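Below is one structure; the comments refer to it alone.
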Amino acid sequence: MPSSVFVALVGRPNVGKSSLTNYLVGEKVAIVTKKPQTTRSRITGVITKGPVQYVLMDTPGIHKAHNKLDARMTQTAAASLKDVDVTMMLFEPEGELTDSELTMIKALQKGGPAIAVINKVDLLDSFAALEQRKRQVADFRCFDAVVTVSAKDGTGCEELFTLLKPYGNEGPHYFDDDAFTDMPEKELVAELVREKALLFMRDEIPHGIAVVVERFKERPDKDLIDIDVDIYCERKSHKGMIIGKGGQMLKKIASAARMDIEELLGVKVNLQCWVKVREDWRDNENLLNTLGFAKP
Ligand SMILES: Nc1nc2c(ncn2[C@@H]2O[C@H](COP(=O)(O)OP(=O)(O)OP(=O)(O)O)[C@@H](O)[C@H]2O)c(=O)[nH]1
C-alpha cells in the first residue's frame with residue numbers, strides 16, 4: 001500500500017536545512033551558501049523509496065523580521081508546521097540556543113510530532129559536547145527522537161528515512177515517483193543564478209537581489225536551451241558591481257551558474273544574464289508578488 005510522509009525542516013539560519021534536503025533528495029533542489037538566510041521560499045524535495053514517498057519542505061530559517069520579505073519568510077516557516085506529518089528541527093552541534101530556536105521549540109511542545117536532528121557532527125571532535133547537546137535537546141520533551149547527522153558527509157542521513165516512515169499516511173502518492181521537487185525548472189534555474197551571485201559578491205549586495213527567468217526556450221533543431229535571466233538589485237551602484245569591470249563579475253556568475261544548470265537539466269544551455277535596478281523591491285508588495293514571493 002503506498003504511503004506519504006510530509007516533513008517540515010526547521011531550524012536557525014545556516015544550520016544546514018538546505019544541505020540536508022539536497023543530501024536526502026540526491027539532487028540540488030535548494031541552494032547552499034555560507035551566508036545565513038539564503039533560502040527565501042518554501043522548497044519541496046521529493047524522495048520515493050518503494051511504497052513510501054517522502055516530501056520534504058525546506059523552510060527559510062526563523063529569525064526576526066526586518067522588512068516585508070523577512071516577514072514573509074518567517075510566515076512561510078511557521079505555516080509549514082501545520083501542513084505536515086512530522087517536523088525535523090535541526091540544531092548546531094554546540095553553542096547557545098537562540099531565542100528564535102526556543103520559540104520554535106515552544107511551538108513544537110504544543111504541536112508536534114517532531115524529531116531533533118543535530119547536524120554538522122563532522123565538525124565536532126569532542127564527544128562530551130555532543131552528548132551534552134543531545135541531553136539538552138531531549139530535555140525539552142517534545143522530540144520523539146534525537147539523532148546526529150552530517151549533511152556534508154552523509155553520516156546518519158539514511159537512517160532518517162527509517163525514523164520518518166512510521167509518520168506516513170496510507171494513500172496514493174502526491175508526486176510522480178521519479179520527481180525530486182515541485183519547483184518548476186525556471187525557479188530552480190533562477191535560484192542557481194542567485195546562489196552564484198551570493199557566492200561571488202561582497203556581503204552588502206546579495207540579499208538585495210532577486211533573479212527572474214524571462215525566457216526559457218528549447219531550440220527545435222538542436223539539444224540546446226536558451227535562457228535569459230534578469231538579476232534585480234536595489235541600487236545603481238550595485239548594478240555596476242554585479243556587472244564588474246569589463247563585465248568580469250557577471251561573466252563569472254553566469255558561467256558558474258550555466259555549468260550547474262546544464263548538469264541539472266542534462267542539456268547544453270545558452271545563458272544570458274541582465275542586471276536591472278528596482279529600488280526597495282524587498283518592501284514593495286507588488287514586486288514581491290511579481291518576483292514569486294507569494295504570500296503563504
Ligand atoms: N561541516 C558541515 N557543514 C555543513 C553541514 N551542513 C551544512 N553545512 C554548511 O553550513 C552552511 C549553511 O548550510 P545551508 O544548508 O545553506 O543552511 P540553511 O539552514 O538551509 O540556511 P538558510 O537558508 O540560511 O536557512 C553551508 O556553508 C553548508 O555547507 C554539515 O553537516 N557539516
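Here's how to read the names in the C-alpha cells: chain A, B, ... by the order shown, residue numbers from 1 in each chain, ligand numbers from 1 in the order shown.
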So that I can check the surroundings of A:Phe6, please list as a ChimeraX atom specification every protein, DNA and RNA residue that reaches within 7 Å of it, counting only C-alpha atoms and ignoring chain neighbours fewer than 4 positions away. /A:54-56,84-86
Near stretch 240-250 of chain A, within 12 Å and counting only C-alpha atoms, which residues show up once chain neighbours fewer than 5 positions away are dropped, as a VMD selection string? chain A and resid 193 to 194 196 to 206 208 to 209 229 to 235 255 to 258 271 to 277
With C-alpha atoms retained, write the just-selected residues as a tab-separated table (two decimals), in the first residue's frame.
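This went into result_21.tsv:
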```tsv
chain	number	residue	atom	x	y	z
A	193	VAL	CA	21.98	32.12	-10.62
A	194	ARG	CA	21.15	33.72	-7.26
A	196	LYS	CA	26.37	32.15	-7.66
A	197	ALA	CA	25.76	35.87	-7.08
A	198	LEU	CA	25.66	35.21	-3.32
A	199	LEU	CA	28.88	33.23	-3.54
A	200	PHE	CA	30.89	35.72	-5.55
A	201	MET	CA	29.61	39.12	-4.42
A	202	ARG	CA	30.53	41.25	-1.44
A	203	ASP	CA	28.21	40.96	1.56
A	204	GLU	CA	26.08	44.07	1.23
A	205	ILE	CA	24.64	43.41	-2.21
A	206	PRO	CA	23.46	39.82	-2.42
A	208	GLY	CA	19.18	42.83	-2.15
A	209	ILE	CA	19.00	40.77	-5.31
A	229	VAL	CA	17.70	35.86	-16.79
A	230	ASP	CA	17.11	39.24	-15.12
A	231	ILE	CA	19.04	39.97	-11.95
A	232	TYR	CA	17.30	42.70	-9.94
A	233	CYS	CA	19.27	44.82	-7.49
A	234	GLU	CA	18.34	47.79	-5.33
A	235	ARG	CA	20.87	50.45	-6.40
A	255	SER	CA	29.46	30.81	-16.30
A	256	ALA	CA	29.33	29.06	-12.88
A	257	ALA	CA	25.51	29.09	-12.98
A	258	ARG	CA	25.47	27.72	-16.53
A	271	LEU	CA	22.57	31.62	-20.61
A	272	GLN	CA	22.27	35.40	-20.88
A	273	CYS	CA	22.10	37.50	-17.70
A	274	TRP	CA	20.88	41.10	-17.50
A	275	VAL	CA	21.14	43.35	-14.45
A	276	LYS	CA	18.25	45.71	-13.61
A	277	VAL	CA	17.72	48.22	-10.81
```
Residues flagged alpha helix (DSSP H) by DSSP in stretch 246-281 of chain A, as a ChimeraX atom specification: /A:248-265
With distances taken over only C-alpha atoms and all ligand atoms, which residue among A:Asn270, A:Asn22, A:Thr44, A:Gln53 lies nearest ligand 1?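 With only C-alpha atoms and all ligand atoms as the atom set, the closest residue is A:Asn22.
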Counting only C-alpha atoms, closest pick from A:Leu124, A:Val146, A:Lys49, A:Arg12 relative to A:Glu96 is A:Arg12
